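Here is the file data_33.cif (mmCIF, C-alpha atoms).
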data_data
#
loop_
_atom_site.group_PDB
_atom_site.id
_atom_site.type_symbol
_atom_site.label_atom_id
_atom_site.label_comp_id
_atom_site.auth_asym_id
_atom_site.auth_seq_id
_atom_site.Cartn_x
_atom_site.Cartn_y
_atom_site.Cartn_z
ATOM 1 C CA MET A 23 -25.114 -72.774 55.810
ATOM 2 C CA ASN A 24 -28.789 -71.771 56.114
ATOM 3 C CA ASN A 25 -27.958 -68.778 58.332
ATOM 4 C CA LEU A 26 -25.443 -67.366 55.842
ATOM 5 C CA GLN A 27 -26.570 -64.565 53.564
ATOM 6 C CA PHE A 28 -26.913 -65.205 49.848
ATOM 7 C CA ASP A 29 -28.516 -62.627 47.556
ATOM 8 C CA PHE A 30 -28.415 -62.615 43.764
ATOM 9 C CA LYS A 31 -30.008 -59.677 41.935
ATOM 10 C CA VAL A 32 -30.111 -58.942 38.225
ATOM 11 C CA ASP A 33 -30.970 -55.431 37.033
ATOM 12 C CA LYS A 34 -31.391 -55.436 33.259
ATOM 13 C CA SER A 35 -32.134 -51.690 33.225
ATOM 14 C CA THR A 36 -28.539 -50.980 34.345
ATOM 15 C CA ASN A 37 -26.881 -54.089 32.815
ATOM 16 C CA SER A 38 -25.745 -55.113 36.288
ATOM 17 C CA VAL A 39 -25.691 -58.050 38.657
ATOM 18 C CA SER A 40 -25.272 -57.850 42.431
ATOM 19 C CA ILE A 41 -24.305 -60.856 44.525
ATOM 20 C CA ILE A 42 -23.781 -60.997 48.274
ATOM 21 C CA ARG A 43 -22.559 -64.249 49.776
ATOM 22 C CA GLU A 44 -21.422 -65.000 53.311
ATOM 23 C CA PHE A 45 -18.976 -67.781 54.122
ATOM 24 C CA ASP A 46 -18.301 -69.443 57.465
ATOM 25 C CA ALA A 47 -14.579 -68.710 57.200
ATOM 26 C CA GLU A 48 -12.177 -65.963 58.164
ATOM 27 C CA LEU A 49 -11.398 -63.203 55.693
ATOM 28 C CA PRO A 50 -7.743 -64.095 54.923
ATOM 29 C CA LEU A 51 -8.771 -67.576 53.775
ATOM 30 C CA VAL A 52 -11.647 -66.296 51.614
ATOM 31 C CA TRP A 53 -9.394 -63.582 50.131
ATOM 32 C CA ASP A 54 -6.789 -66.222 49.244
ATOM 33 C CA ALA A 55 -9.478 -68.379 47.621
ATOM 34 C CA PHE A 56 -10.283 -65.499 45.251
ATOM 35 C CA THR A 57 -6.709 -64.339 44.599
ATOM 36 C CA LYS A 58 -4.422 -67.399 44.530
ATOM 37 C CA GLN A 59 -4.253 -69.554 41.425
ATOM 38 C CA GLU A 60 -3.900 -72.865 43.256
ATOM 39 C CA MET A 61 -7.105 -72.190 45.215
ATOM 40 C CA LEU A 62 -9.106 -70.621 42.359
ATOM 41 C CA ASP A 63 -8.665 -73.686 40.189
ATOM 42 C CA GLN A 64 -10.250 -75.833 42.910
ATOM 43 C CA TRP A 65 -13.593 -73.989 42.863
ATOM 44 C CA TRP A 66 -13.957 -71.405 40.044
ATOM 45 C CA ALA A 67 -16.242 -73.584 37.913
ATOM 46 C CA PRO A 68 -19.556 -75.346 38.433
ATOM 47 C CA LYS A 69 -19.074 -79.111 38.592
ATOM 48 C CA PRO A 70 -18.504 -81.167 36.491
ATOM 49 C CA TYR A 71 -16.459 -78.406 34.802
ATOM 50 C CA GLU A 72 -13.074 -77.248 36.043
ATOM 51 C CA SER A 73 -11.091 -74.049 35.873
ATOM 52 C CA LYS A 74 -7.529 -74.236 34.559
ATOM 53 C CA THR A 75 -5.397 -71.138 35.014
ATOM 54 C CA ILE A 76 -2.917 -70.738 32.199
ATOM 55 C CA LYS A 77 -1.271 -67.704 33.785
ATOM 56 C CA MET A 78 -2.001 -65.388 36.669
ATOM 57 C CA ASP A 79 -0.362 -62.192 37.887
ATOM 58 C CA PHE A 80 -2.476 -60.771 40.723
ATOM 59 C CA ARG A 81 -1.445 -57.108 40.711
ATOM 60 C CA VAL A 82 -2.841 -53.900 39.275
ATOM 61 C CA GLY A 83 -2.191 -54.190 35.546
ATOM 62 C CA GLY A 84 -1.822 -57.967 35.881
ATOM 63 C CA ARG A 85 -3.992 -60.648 34.357
ATOM 64 C CA ARG A 86 -5.482 -64.062 34.946
ATOM 65 C CA PHE A 87 -6.026 -66.069 31.779
ATOM 66 C CA TYR A 88 -7.893 -69.311 32.283
ATOM 67 C CA ALA A 89 -9.892 -71.979 30.505
ATOM 68 C CA MET A 90 -13.074 -73.778 31.451
ATOM 69 C CA VAL A 91 -12.465 -77.501 31.049
ATOM 70 C CA SER A 92 -15.244 -79.981 30.298
ATOM 71 C CA PRO A 93 -15.492 -83.374 32.038
ATOM 72 C CA ASP A 94 -13.846 -85.030 29.009
ATOM 73 C CA GLY A 95 -10.810 -82.730 29.344
ATOM 74 C CA ASN A 96 -11.562 -80.296 26.509
ATOM 75 C CA GLU A 97 -10.885 -76.611 27.021
ATOM 76 C CA ILE A 98 -14.255 -75.153 26.030
ATOM 77 C CA GLY A 99 -13.980 -71.465 26.809
ATOM 78 C CA TRP A 100 -11.268 -68.994 27.707
ATOM 79 C CA HIS A 101 -11.515 -65.940 29.916
ATOM 80 C CA ILE A 102 -9.366 -62.952 30.749
ATOM 81 C CA GLN A 103 -9.453 -61.075 34.047
ATOM 82 C CA ASP A 104 -7.499 -57.805 33.821
ATOM 83 C CA TYR A 105 -6.925 -56.468 37.356
ATOM 84 C CA THR A 106 -7.581 -52.726 37.601
ATOM 85 C CA SER A 107 -7.552 -52.083 41.369
ATOM 86 C CA ILE A 108 -6.439 -54.017 44.455
ATOM 87 C CA SER A 109 -6.821 -53.082 48.111
ATOM 88 C CA PRO A 110 -5.480 -56.168 49.930
ATOM 89 C CA LYS A 111 -8.052 -58.159 51.929
ATOM 90 C CA ASN A 112 -10.659 -55.460 51.245
ATOM 91 C CA ASN A 113 -11.449 -55.053 47.546
ATOM 92 C CA PHE A 114 -10.301 -55.810 44.046
ATOM 93 C CA LYS A 115 -11.646 -54.979 40.615
ATOM 94 C CA TYR A 116 -11.135 -56.459 37.209
ATOM 95 C CA VAL A 117 -12.453 -56.457 33.681
ATOM 96 C CA SER A 118 -13.752 -59.891 32.665
ATOM 97 C CA ILE A 119 -13.581 -60.688 28.963
ATOM 98 C CA PHE A 120 -14.341 -63.837 26.973
ATOM 99 C CA ALA A 121 -11.404 -64.755 24.741
ATOM 100 C CA ASP A 122 -10.015 -67.362 22.396
ATOM 101 C CA LYS A 123 -7.213 -69.796 23.264
ATOM 102 C CA ASP A 124 -4.601 -67.250 22.105
ATOM 103 C CA GLU A 125 -5.850 -64.564 24.532
ATOM 104 C CA ASN A 126 -7.588 -62.524 21.849
ATOM 105 C CA PRO A 127 -10.508 -60.794 23.626
ATOM 106 C CA PHE A 128 -14.143 -60.896 22.527
ATOM 107 C CA LEU A 129 -15.343 -57.433 23.478
ATOM 108 C CA PRO A 130 -17.273 -56.039 25.203
ATOM 109 C CA GLY A 131 -16.482 -57.283 28.697
ATOM 110 C CA SER A 132 -17.873 -56.712 32.149
ATOM 111 C CA ASN A 133 -16.473 -54.847 35.151
ATOM 112 C CA TRP A 134 -16.305 -56.823 38.402
ATOM 113 C CA ASP A 135 -15.976 -55.139 41.806
ATOM 114 C CA LEU A 136 -15.486 -57.466 44.800
ATOM 115 C CA ASP A 137 -15.691 -56.241 48.413
ATOM 116 C CA PHE A 138 -14.652 -58.383 51.389
ATOM 117 C CA SER A 139 -15.607 -57.854 55.033
ATOM 118 C CA GLU A 140 -15.511 -60.003 58.159
ATOM 119 C CA GLU A 141 -17.718 -60.129 61.214
ATOM 120 C CA SER A 142 -17.728 -62.852 63.891
ATOM 121 C CA SER A 143 -15.448 -65.153 61.841
ATOM 122 C CA LYS A 144 -17.820 -64.969 58.861
ATOM 123 C CA THR A 145 -16.729 -63.309 55.645
ATOM 124 C CA ARG A 146 -19.105 -61.446 53.363
ATOM 125 C CA VAL A 147 -18.201 -61.089 49.711
ATOM 126 C CA SER A 148 -20.157 -58.496 47.740
ATOM 127 C CA VAL A 149 -19.783 -58.763 43.970
ATOM 128 C CA SER A 150 -21.002 -56.026 41.635
ATOM 129 C CA ILE A 151 -20.863 -56.757 37.925
ATOM 130 C CA TYR A 152 -21.498 -54.095 35.326
ATOM 131 C CA ASN A 153 -21.790 -55.092 31.685
ATOM 132 C CA GLU A 154 -20.687 -52.608 29.055
ATOM 133 C CA SER A 155 -23.592 -53.526 26.819
ATOM 134 C CA GLN A 156 -27.086 -54.987 26.935
ATOM 135 C CA GLU A 157 -25.860 -57.640 24.484
ATOM 136 C CA ARG A 158 -23.088 -58.770 26.888
ATOM 137 C CA MET A 159 -25.588 -58.841 29.777
ATOM 138 C CA GLU A 160 -28.039 -60.968 27.798
ATOM 139 C CA LYS A 161 -25.259 -63.350 26.702
ATOM 140 C CA MET A 162 -24.179 -63.831 30.327
ATOM 141 C CA LEU A 163 -27.723 -64.641 31.407
ATOM 142 C CA GLU A 164 -28.407 -66.927 28.423
ATOM 143 C CA MET A 165 -25.285 -68.927 29.273
ATOM 144 C CA GLY A 166 -26.807 -69.678 32.690
ATOM 145 C CA PHE A 167 -24.644 -67.276 34.680
ATOM 146 C CA LYS A 168 -26.923 -67.206 37.723
ATOM 147 C CA GLU A 169 -27.095 -70.993 38.027
ATOM 148 C CA GLY A 170 -23.428 -71.464 37.169
ATOM 149 C CA PHE A 171 -22.083 -68.806 39.520
ATOM 150 C CA THR A 172 -24.354 -70.012 42.340
ATOM 151 C CA ALA A 173 -22.969 -73.541 41.861
ATOM 152 C CA THR A 174 -19.436 -72.127 41.725
ATOM 153 C CA LEU A 175 -19.904 -70.288 45.031
ATOM 154 C CA ASN A 176 -21.217 -73.538 46.519
ATOM 155 C CA GLU A 177 -17.942 -75.176 45.405
ATOM 156 C CA LEU A 178 -16.078 -72.439 47.278
ATOM 157 C CA GLU A 179 -18.178 -73.094 50.401
ATOM 158 C CA THR A 180 -17.244 -76.797 50.224
ATOM 159 C CA LEU A 181 -13.545 -75.980 49.765
ATOM 160 C CA LEU A 182 -13.567 -73.545 52.706
ATOM 161 C CA LEU A 183 -15.242 -76.117 54.973
ATOM 162 C CA THR A 184 -12.661 -78.730 53.960
ATOM 163 C CA LEU A 185 -9.755 -76.362 54.606
ATOM 164 C CA LYS A 186 -11.239 -75.347 57.951
ATOM 165 C CA LYS A 187 -11.464 -79.012 59.045
ATOM 166 C CA ILE A 188 -7.859 -79.655 57.994
ATOM 167 C CA LYS A 189 -6.732 -76.631 60.009
ATOM 168 C CA GLN A 190 -8.462 -77.803 63.220
#
I'd like the structure from this file rewritten - as structure tokens, please.
Amino acid sequence: MNNLQFDFKVDKSTNSVSIIREFDAELPLVWDAFTKQEMLDQWWAPKPYESKTIKMDFRVGGRRFYAMVSPDGNEIGWHIQDYTSISPKNNFKYVSIFADKDENPFLPGSNWDLDFSEESSKTRVSVSIYNESQERMEKMLEMGFKEGFTATLNELETLLLTLKKIKQ
């Protein structure tokens, strides 16, 4: 994993975060890990937390509504991802919004733009996050977003390695 790119940049002046992460896996598998509910729930949370998708409709105008689940089984935070653009196996965009258990959003949200590319059986995922407000940006950072998302991407790396071994 040490030869795989991983960059994480925060720019408070533009309320944005930029993440580039390479995975030792082919693009279709990485794309599926980001876009299929059964795979997302295996890695979209830093351990010991888990992600539990309540509903997911991966299409433009569709939504993923999920909860973060604590080690004792309590749903501790809900999130909405409203998909705004999808270019299969290349890019997708969504608005990420904190919510309550009844899907009522806590505005403002953040705009996520994910690009996927493959070279030599390695897939690069570039994530650009723009927060609508300085307040939202600060809240994300205070909640430990950098540490949490880094740990989450490490969970994805572990899942991809496991799936690759099974496939061989």
Env of Asn25 in chain A: 10 Å cut, atoms = only C-alpha atoms, seq-sep filter 6 positions within chain, self excluded. Answer as a PyMOL selection string. chain A and resi 44-46
With the file shown as input, list the residues that the PyMOL selection byres ((chain A and resi 130) around 10) selects, as an mmCIF file with C-alpha atoms, in the coordinates of the input.
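Result file is expr_29.cif:
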data_model
loop_
_atom_site.group_PDB
_atom_site.id
_atom_site.type_symbol
_atom_site.label_atom_id
_atom_site.label_comp_id
_atom_site.auth_asym_id
_atom_site.auth_seq_id
_atom_site.Cartn_x
_atom_site.Cartn_y
_atom_site.Cartn_z
ATOM 1 C CA VAL A 117 -12.453 -56.457 33.681
ATOM 2 C CA SER A 118 -13.752 -59.891 32.665
ATOM 3 C CA ILE A 119 -13.581 -60.688 28.963
ATOM 4 C CA PHE A 120 -14.341 -63.837 26.973
ATOM 5 C CA PRO A 127 -10.508 -60.794 23.626
ATOM 6 C CA PHE A 128 -14.143 -60.896 22.527
ATOM 7 C CA LEU A 129 -15.343 -57.433 23.478
ATOM 8 C CA GLY A 131 -16.482 -57.283 28.697
ATOM 9 C CA SER A 132 -17.873 -56.712 32.149
ATOM 10 C CA ASN A 153 -21.790 -55.092 31.685
ATOM 11 C CA GLU A 154 -20.687 -52.608 29.055
ATOM 12 C CA SER A 155 -23.592 -53.526 26.819
ATOM 13 C CA GLU A 157 -25.860 -57.640 24.484
ATOM 14 C CA ARG A 158 -23.088 -58.770 26.888
ATOM 15 C CA MET A 159 -25.588 -58.841 29.777
#
Evaluate the PyMOL selection byres ((chain A and resi 125) around 10) and report residues as a list in words: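 Written out, the selection comes to Phe87, Tyr88, Trp100, His101, Ile102, Ile119, Phe120, Ala121, Asp122, Lys123, Asp124, Asn126, Pro127 and Phe128 of chain A.
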Given the file above and the PyMOL selection byres ((chain A and resi 160) around 12), which residues are selected, and can you give them as a PyMOL selection string? chain A and resi 32-39+132+153-159+161-168
9 Å contact set for range 134-137 of chain A, all atoms listed in the file, chain neighbours under 5 positions out, as an NGL selection string: :A and (107 or 111-118 or 146-153)
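When CA of Pro50 in chain A is paired with CA of Trp66 in chain A, their separation reads 17.7 Å.
Residue nearest Lys144 in chain A within the list A:Leu185, A:Leu26, A:Val91, A:Val82: A:Leu26 [criterion: smallest interatomic distance, all atoms listed in the file].
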Using the file's own x, y and z axes, what box holds all listed atoms of range 76-85 of chain A with 4 Å on each side, keeping edges along x, y and z, and what are its centre and edge lengths in Å to one decimal, as AutoDock Vina command-line options?
--center_x -2.2 --center_y -62.3 --center_z 36.5 --size_x 11.6 --size_y 24.8 --size_z 16.5
For Pro68 in chain A, list every protein, DNA or RNA residue within 7 Å, evaluated using all atoms listed in the file, and leave out those in the same chain fewer than 4 positions away; present the list as a ChimeraX atom specification. /A:170,173-174
Keeping C-alpha atoms for every residue in the selection just given, could you write it to a file as a CSV table (one decimal), keeping the file's coordinate frame?
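The new file result33.csv reads:
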chain,number,residue,atom,x,y,z
A,170,GLY,CA,-23.4,-71.5,37.2
A,173,ALA,CA,-23.0,-73.5,41.9
A,174,THR,CA,-19.4,-72.1,41.7
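The smallest atom-to-atom distance between Thr75 in chain A and any of A:Phe138, A:Ile188, A:Gln103, A:Val52, using only C-alpha atoms, is found for A:Gln103.
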Enter the distance from CA of Ser92 in chain A to CA of Tyr71 in chain A, in Å, rounded to one decimal.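 Going from CA of Ser92 in chain A over to CA of Tyr71 in chain A covers 4.9 Å.
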Using only C-alpha atoms, which residue out of A:Glu169, A:Asp104, A:Glu97, A:Glu179 lies closest to Arg81 in chain A? A:Asp104
